[in-house]
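This report refers to the structure that appears directly beneath it.
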Amino acid sequence: MTKPSSTTTLAPAALAPISKLWATVGHVLPWAIAIGFFFVAEGSLSIGTQIMIWILFALSLDLILGYAGIVTLGHAAFFGVGAYAAGLFSIHFSPDPLIGHIFAIVVSGLLGLVTGALILHTTGVTFLMLTLATVSLIFEFGNQTRWLTGGDDGLQGMRVDPIFGMFEFNIFGQTAYVYALVVLFIWFLFSWRLMHSPFGRSLDGIRQNSRRMRAIGTPVWWRLLAIYGISAAMAGSAGALLAHSTRFVGLSSLSLLTSGIVTVMLILGGTRKLYGAFIGAAIYYLVQDSTAKINPHFWEFIVGGMLIITVLFLEGGLMDLGRIGRRLISRFRQRSDLP
Amino acid sequence: MSLGFALTILLDGISYGMVLFIISVGLTITMGLMRLVNLAHGSFAMIGGYIAGYLTQGGTNFYVALLVAAIIPGILGGLAEVTVFRPLYRKAELSQVLLTIGIVFVSTAAVTVIFGAFPYPVVFPEYLTKPVDIGFRTYPAYRLFLIAVGGVVAIVLWYLIENSLYGAKLRAAVDNPRMARAVGMNVNVLFTGTFMVGCALAGLGGAMGAGIMSLEPSYALKYVVLFLVVVIVGGEGSFKGSFVAAMSLGIIDTVGKYFFSQAAPYLLYVAVFILLLWRPQGLMPAKSVA
Amino acid sequence: MKKWFLGAAASVALSLSGGVASAEVFKVGLIADFTGAFATWGMQFQQAIEAYQSANGKTVKGPDGKEHEIQFVYRDNASQGPDKTKQLAEELVLREKVKMLAGFDLSPHAMAVADIANQAKMPVVIMNAATASITRGSPYYVRVSMTIPQHVVPLAQWAWGNGIKKVFMITSDYAPGHDAALYFSKTFKALGGEIVGAEKSPIQETNYSVYMEKVLQAKPDALYMFQPAGSPSVALVKAYSERGLKTAGIKLLGTGETQEIFLPQFNDDVIGTVTAFHYTETNTNPGNTALKAQLKKMFGEKAGPDIASVAAWDGTDLIHRSVAALGPNAEGLKYLDFLKNAKLDSPRGPAVIDPVERDIVQNIYIRRVEKRDGKLVNIDIATVPMVKDPWKIDNPPKSN
């Protein structure tokens with residue numbers, strides 16, 4: 001992951017001005033925290049699991065919103081459909097979580113490809129409205145088909161077998177935590193490779209100037225469709241994690257608000273950095289948890305205020321704070337090197 | 001189905017459409033003019049509604065309350081345009097979406113803290129809450145009032161845009177903002193003024209329409225999709241388009257509920273989906289506001 | 001707001017004192033919505049629990065002769081989904097080491113903790129969550145609130161018995177609304193009545209004009225509504241009068257829409273509405289008088305009881321009695337045996353827990369909204385004694 005050359009050639013946008021040491025620390029730290037938390041959490045593991053699920057969901061959004069510049073408010077559709085697919089699979093076909101997970105990924109990925117093929121030729125506000133219409137339609141579908149989804153009572157009666165027949169999902173939540181961590185890690189490696197491949201660079205180009213990309217022969221529409229499908233599959237995977245770890249799927253997983261929350265998380269952390277999703281989701285979850293206890297409206301003020309401030313003054317999200325900090329440190333270092 | 005009944009359904013649809021039109025018309029012009037994706041438009045309608053509710057519950061004359069409910073959101077809108085929105089015009093759509101959602105959150109929280117989480121009623125004058133005889137049946141006076149006011153607003157706006165100097169400038173600026181600037185128009189003042197009018201109308205609509213779209217803290221988020229649908233379907237910046245879209249939406253919603261009530265929850269979104277796939281620029285894409 | 005802060009302060013104080021818990025403290029984890037769209041539930045639960053403990057003491061004498069303290073640990077579901085409920089329940093069980101769970105305003109929330117209750121062998125006292133089938137979800141569930149069919153079936157019977165032959169239904173499009181529609185039409189048709197129309201309205205509907213036009217066309221004797229309290233039901237009653245249904249003599253039937261705490265939101269159009277419910281706030285049972293007096297004493301004149309208060313009062317009573325009988329350290333199933341055989345001396349009137357279904361059996365009161373001394377109130381006009389949840393009668397437990 002941290003080949004000597006990788007920091008400069010593979011990730012110039014995110015990690016250019018920092019030393020190898022910092023890069024290694026930056027890469028190891030989030031995973032070290034995640035692993036360490038497992039041993040110290042005692043009764044709070046499920047919060048950790050939830051955070052990792054949201055990280056994965058935000059990461060999937062980063063691929064389309066951050067890298068490809070597709071502004072959507074409908075990403076919850078894939079998250080929710082993934083969750084329902086995993087849940088329904090466990091009820092009607094097999095309680096094996098891994099097969100169910102793959103099923104969920106395939107279903108939501110296909111949904112992404114189909115809806116993407118329908119709407120990706122539009123741009124701007126029209127596209128935004130179409131994503132809104134899509135997620136609202138799917139939400140209503142889930143609400144109306146009570147016989148299938150349980151309507152607003154949610155999907156009841158999920159049975160989930162132990163993973164590999166050994167690790168049981170129980171109230172202590174260790175299995176769910178490790179399961180979420182491993183899945184997140186695999187998807188992260190995948191995204192990292194993808195975004196630093198020629199494919200990923202072409203998405204960068206499409207975001208910056210799609211007309212020019214088309215002029216130099218890039219199949220823009222196909223590229224966008226591909227990443228839309230991949231991102232949908234990833235969001236569906238996060239949904240499957242949610243379904244398996246809570247053994248329950250609710251309609252709220254399909255709601256517009258869920259789309260909104262994941263967008264806020266990503267923007268807060270910073271787009272186009274992959275790790276932005278980590279910081280954003282974790283901070284959002286923890287701040288919400290603590291401020292909502294003081295006063296719920298206080299929380300709405302905070303989210304609203306954070307959004308306004310991020311857009312006006314901190315366009316790179318919280319990850320930018322890190323870069324500003326690093327710049328200060330390196331300046332300080334240079335100065336101390338001088339004499 | 002009798003003719004009288006068909007007329008009733010039509011009246012219901014038109015009165016609903018009028019409320020949508022009054023609230024959304026400001027949004028359509030500002031989105032066409034400034035290319036700003038403003039999800040916070042519903043907040044101004046909500047503020048107008050709450051002001052009218054507060055005043056009428058305290059015994060203020062209903063029409064005075066309506067006036068205040070238009071003026072204060074207008075002023076707030078002007079302030080917001082100068083301070084928050086102006087830096088946004090040059091930014092990406094995503095930034096606009098996020099910042100305006102942020103405003104929605106803040107206004108929702110403020111309204112909850114000040115007025116509480118329960119629905120907040122506007123007290124309408126006695127004669128508006130009673131049914132009146134309209135020949136073939138009795139019909140709620142309130143709905144007729146909505147149609148009358150909506151009609152007047154539409155005609156006045158149409159006249160302004162078509163025949164006044166302001167209207168001419170507005171059309172010019174929507175058609176080609178760069179050229180408008182180049183020939184020496186003060187586009188900034190035009191923007192601020194237009195924004196204020198749009199927000200004032202939203203406030204008026206929020207106050208008047210409270211009998212159909214009831215006021216609660218989630219108002220701004222709940223209805224913003226509806227307002228956006230009017231704008232996008234009508235075509236950004238298209239005055240006539242937004243009128244047609246609002247009326248169609250009101251009538252489709254009402255007729256849909258009547259005839260296909262099982263499909264009603266889908267109907268709006270399916271209609272929007274198909275329409276936007278068919279005409280991505282809306283019904284009457286604005287090359288001009290008129 | 002002020003009240004909310006007091007509540008928050010109280011819950012903080014409670015959870016702090018939990019840190020120094022001795023063996024004699026019996027902890028109960030209460031999960032409900034204290035913030036967000038359903039915030040009144042949590043507040044009403046908590047006030048009733050505090051009222052009960054203030055009136056009857058926080059401690060009970062166990063079989064060992066020692067005084068044991070019953071302590072409630074409150075957790076806010078924040079009007080979020082069942083995944084949040086699950087997380088809160090896990091934390092209460094693992095970290096707070098509670099011995100019972102209680103609360104649950106929404107059905108999905110109650111259903112979500114079945115797994116945890118089974119694994120931790122922990123009794124769950126459900127204080128609202130009215131979907132009929134819930135208590136089958138885990139052998140550890142006991143419900144002290146009500147079910148939707150429990151209200152609807154007596155209402156349909158009353159309507160038929162009082163000259164109503166044709167009914168139009170407008171029910172809200174969510175799970176409880178579907179239950180209500182199903183049971184009303186089933187009961188009413190079985191008696192010989194006719195359902196001349198049935199509409200589902202979106203949960204947040206506030207524009208009922210079209211529905212009322214349909215009712216007018218169908219010319220029923222009565223309109224049956226099942227709508228969420230607050231803006232939807234207020235808007236429905238407004239449209240009902242505005243569109244001339246009231247003057248046309250079409251009666252309005254309902255269930256929970258006209259509870260006393262919601263009545264001030266209506267205008268006089270609501271007078272004459274007939275509802276079936278398990279609790280009438282103005283009744284003069286000694287328990288109800290005590291509950292009302294204690295709430296007003298502790299939380300001011302504006303505090304009043306509703307079904308949340310009654311269920312929390314009764315649930316707290318049951319929990320206290322079970323600790324008194326079994327001490328603070330019995331097995332989950334032992335408590336359950338006690339709870340499911342209990343008789344309740346409830347503010348609502350007589351009630352018992354059905355030992356087979358672990359669900360409440362209680363009187364249902366038919367009430368009419370009237371104006372007394374310038375105030376809208378519900379007046380009992382009939383009582384249907386000891387109604388068992390009709391859903392359970394239709395769906396007998398599988399024998400095994």
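By convention in this document, the chains of the structure tokens carry letters A, B, ... by their order, each chain's residues are numbered from 1, and ligands are numbered from 1 in the order they are shown.
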
*Write down, as a ChimeraX atom specification, each residue of chain C that has any atom within 8 Å of an atom of chain B, counting only C-alpha atoms.*
/C:1,37,199-200,202,206-207,209-211,214,230-231,242-244

Using only C-alpha atoms, select each residue of chain A with any atom at most 9 Å away from an atom of chain C, and give the selection as a CSV table (one decimal) with N, CA and C atoms, in the first residue's frame.
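And here's iface_10.csv as it stands now:
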chain,number,residue,atom,x,y,z
A,42,GLU,N,-15.8,-2.7,24.9
A,42,GLU,CA,-16.6,-3.2,26.0
A,42,GLU,C,-18.1,-2.7,26.0
A,43,GLY,N,-18.9,-3.3,25.2
A,43,GLY,CA,-20.3,-2.9,25.1
A,43,GLY,C,-20.6,-1.8,24.1
A,44,SER,N,-19.6,-1.2,23.5
A,44,SER,CA,-19.9,-0.2,22.6
A,44,SER,C,-19.5,-0.6,21.1
A,46,SER,N,-21.1,-2.1,18.9
A,46,SER,CA,-22.1,-1.9,17.9
A,46,SER,C,-22.0,-0.4,17.3
A,47,ILE,N,-21.6,0.5,18.2
A,47,ILE,CA,-21.4,1.9,17.6
A,47,ILE,C,-20.3,1.9,16.6
A,50,GLN,N,-21.6,0.4,13.4
A,50,GLN,CA,-22.4,1.4,12.7
A,50,GLN,C,-21.5,2.4,11.9
A,143,ASN,N,-42.6,1.0,0.8
A,143,ASN,CA,-43.7,1.3,1.8
A,143,ASN,C,-45.0,0.5,1.4
A,144,GLN,N,-45.2,0.4,0.1
A,144,GLN,CA,-46.5,-0.2,-0.4
A,144,GLN,C,-46.5,-1.7,-0.4
A,146,ARG,N,-46.1,-4.3,1.4
A,146,ARG,CA,-46.0,-4.7,2.7
A,146,ARG,C,-45.7,-6.2,2.8
A,150,GLY,N,-42.5,-5.7,4.6
A,150,GLY,CA,-43.0,-5.4,5.9
A,150,GLY,C,-43.4,-3.9,6.1
A,151,GLY,N,-43.4,-3.2,5.0
A,151,GLY,CA,-43.8,-1.8,5.0
A,151,GLY,C,-43.0,-1.0,6.1
A,152,ASP,N,-43.7,-0.1,6.8
A,152,ASP,CA,-42.9,0.7,7.7
A,152,ASP,C,-42.7,0.0,9.1
A,153,ASP,N,-43.2,-1.2,9.2
A,153,ASP,CA,-42.8,-2.0,10.4
A,153,ASP,C,-41.4,-2.6,10.2
A,154,GLY,N,-40.9,-2.5,9.0
A,154,GLY,CA,-39.6,-3.0,8.7
A,154,GLY,C,-39.6,-4.5,8.4
A,156,GLN,N,-39.0,-8.1,9.2
A,156,GLN,CA,-38.9,-8.9,10.5
A,156,GLN,C,-38.4,-10.3,10.1
A,157,GLY,N,-37.9,-10.9,11.1
A,157,GLY,CA,-37.6,-12.4,11.1
A,157,GLY,C,-36.4,-12.8,10.3
A,170,ASN,N,-24.0,-12.1,17.7
A,170,ASN,CA,-24.7,-12.0,19.0
A,170,ASN,C,-24.7,-10.6,19.6
A,171,ILE,N,-25.2,-10.5,20.8
A,171,ILE,CA,-25.4,-9.1,21.3
A,171,ILE,C,-24.0,-8.5,21.6
A,172,PHE,N,-23.0,-9.3,21.7
A,172,PHE,CA,-21.7,-8.6,22.1
A,172,PHE,C,-21.1,-8.0,20.8
A,173,GLY,N,-21.6,-8.4,19.7
A,173,GLY,CA,-21.2,-7.7,18.5
A,173,GLY,C,-19.8,-7.8,17.9
A,242,LEU,N,-25.3,-3.6,7.2
A,242,LEU,CA,-26.3,-3.1,8.2
A,242,LEU,C,-27.4,-4.1,8.5
A,246,THR,N,-27.6,-5.9,12.3
A,246,THR,CA,-28.7,-5.6,13.1
A,246,THR,C,-29.9,-6.6,13.0
A,247,ARG,N,-29.7,-7.5,12.0
A,247,ARG,CA,-30.8,-8.5,11.7
A,247,ARG,C,-32.1,-7.8,11.5
A,248,PHE,N,-32.2,-6.6,10.9
A,248,PHE,CA,-33.4,-5.9,10.7
A,248,PHE,C,-33.1,-4.9,9.6
A,249,VAL,N,-34.2,-4.6,8.8
A,249,VAL,CA,-34.1,-3.6,7.8
A,249,VAL,C,-35.3,-2.7,7.9
A,250,GLY,N,-35.1,-1.4,8.0
A,250,GLY,CA,-36.2,-0.5,8.1
A,250,GLY,C,-36.3,0.4,6.9
A,251,LEU,N,-37.5,1.0,6.7
A,251,LEU,CA,-37.7,1.8,5.5
A,251,LEU,C,-36.8,3.1,5.5
A,252,SER,N,-36.3,3.5,6.7
A,252,SER,CA,-35.5,4.7,6.8
A,252,SER,C,-34.2,4.5,6.0
A,253,SER,N,-33.8,3.2,5.8
A,253,SER,CA,-32.6,3.0,5.0
A,253,SER,C,-32.8,3.5,3.6
A,292,ALA,N,-26.8,15.4,20.5
A,292,ALA,CA,-28.3,15.1,20.6
A,292,ALA,C,-28.7,14.8,22.0
A,293,LYS,N,-27.8,14.4,22.8
A,293,LYS,CA,-28.1,14.2,24.2
A,293,LYS,C,-28.3,15.5,24.9
A,294,ILE,N,-27.6,16.5,24.5
A,294,ILE,CA,-27.8,17.8,25.2
A,294,ILE,C,-29.1,18.4,24.7
A,295,ASN,N,-29.3,18.5,23.5
A,295,ASN,CA,-30.5,19.1,22.9
A,295,ASN,C,-30.6,18.8,21.4
A,296,PRO,N,-31.7,18.2,21.0
A,296,PRO,CA,-31.7,17.8,19.6
A,296,PRO,C,-31.7,18.9,18.6
A,297,HIS,N,-32.2,20.1,19.0
A,297,HIS,CA,-32.2,21.2,18.0
A,297,HIS,C,-30.8,21.8,17.9

What are the closest atom pairs, with distances in Å to one decimal, for all residues of chain A lying within 6 Å of chain B? Consider only C-alpha atoms, order rows by chain and residue number, and present the result as a Markdown table.
| residue | atom | partner | partner_atom | distance |
| --- | --- | --- | --- | --- |
| A:Ala133 | CA | B:Tyr269 | CA | 5.2 |
| A:His297 | CA | B:Ala109 | CA | 5.1 |
| A:Glu300 | CA | B:Phe105 | CA | 5.7 |
| A:Phe301 | CA | B:Val106 | CA | 5.0 |
| A:Gly304 | CA | B:Gly102 | CA | 3.8 |
| A:Leu307 | CA | B:Gly102 | CA | 5.2 |
| A:Ile308 | CA | B:Leu99 | CA | 4.9 |
| A:Val311 | CA | B:Ser95 | CA | 5.8 |

Any idea what's packed within 9 Å of Val142 (chain C), counting only C-alpha atoms, ignoring anything in its chain fewer than 2 positions away? Could you give it as a CSV table (one decimal) with C-alpha atoms, in the first residue's frame?
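And here is the file that came out, result.csv:
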chain,number,residue,atom,x,y,z
C,123,PRO,CA,-38.2,-9.4,30.2
C,124,VAL,CA,-39.3,-6.5,28.0
C,125,VAL,CA,-42.3,-4.4,29.2
C,126,ILE,CA,-43.8,-2.8,26.1
C,127,MET,CA,-45.5,0.5,27.0
C,135,THR,CA,-45.9,-10.2,21.6
C,139,PRO,CA,-41.4,-15.1,24.8
C,140,TYR,CA,-39.9,-12.3,26.9
C,144,VAL,CA,-49.3,-3.2,29.0
C,336,LEU,CA,-41.9,-13.2,33.2
C,339,LEU,CA,-45.7,-10.4,34.9
C,340,LYS,CA,-47.9,-12.5,32.6
C,353,ILE,CA,-52.4,-9.7,31.3
C,357,GLU,CA,-50.3,-14.2,24.9
C,358,ARG,CA,-48.6,-11.9,27.4
C,359,ASP,CA,-50.8,-9.2,26.2
C,360,ILE,CA,-53.3,-6.9,27.9

*asked:* Give me the residues near His121 (chain A) as a PyMOL selection string, where near means some atom within 10 Å (using only C-alpha atoms) and where sequence neighbours in that chain fewer than 2 positions away do not count.
replied: (chain A and resi 116-119+123+127+220-221+224-225) or (chain B and resi 277+280)

Store the residues picked out above, limited to N, CA and C atoms, as a tab-separated table (two decimals), in the first residue's frame.
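The resulting selection-v8.tsv:
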chain	number	residue	atom	x	y	z
A	116	GLY	N	-28.78	4.16	-13.77
A	116	GLY	CA	-27.74	5.01	-14.35
A	116	GLY	C	-27.90	5.12	-15.86
A	117	ALA	N	-28.18	3.98	-16.50
A	117	ALA	CA	-28.33	4.01	-17.96
A	117	ALA	C	-29.49	4.92	-18.36
A	118	LEU	N	-30.53	4.96	-17.51
A	118	LEU	CA	-31.68	5.80	-17.83
A	118	LEU	C	-31.40	7.28	-17.67
A	119	ILE	N	-30.66	7.64	-16.62
A	119	ILE	CA	-30.62	9.06	-16.26
A	119	ILE	C	-29.27	9.74	-16.45
A	123	THR	N	-27.77	16.21	-16.90
A	123	THR	CA	-26.79	16.81	-15.99
A	123	THR	C	-27.48	17.80	-15.07
A	127	PHE	N	-30.59	16.13	-13.45
A	127	PHE	CA	-30.10	14.86	-12.92
A	127	PHE	C	-30.43	14.73	-11.44
A	220	VAL	N	-17.16	8.87	-22.39
A	220	VAL	CA	-17.57	9.47	-21.12
A	220	VAL	C	-18.76	8.76	-20.50
A	221	TRP	N	-19.80	8.56	-21.28
A	221	TRP	CA	-21.03	7.98	-20.73
A	221	TRP	C	-20.77	6.59	-20.14
A	224	LEU	N	-18.89	6.85	-16.84
A	224	LEU	CA	-19.77	7.28	-15.75
A	224	LEU	C	-20.70	6.14	-15.33
A	225	LEU	N	-21.22	5.43	-16.32
A	225	LEU	CA	-22.11	4.32	-16.01
A	225	LEU	C	-21.38	3.26	-15.18
B	277	LEU	N	-37.09	12.71	-18.60
B	277	LEU	CA	-36.35	11.91	-19.56
B	277	LEU	C	-36.71	12.34	-20.98
B	280	PRO	N	-35.46	17.01	-20.90
B	280	PRO	CA	-34.59	17.32	-19.77
B	280	PRO	C	-34.58	18.80	-19.40

*Report the distance between CA of Val352 (chain C) and CA of Tyr141 (chain C) in Å, rounded to one decimal place.*
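Computing it gives 15.1 Å between the two atoms.
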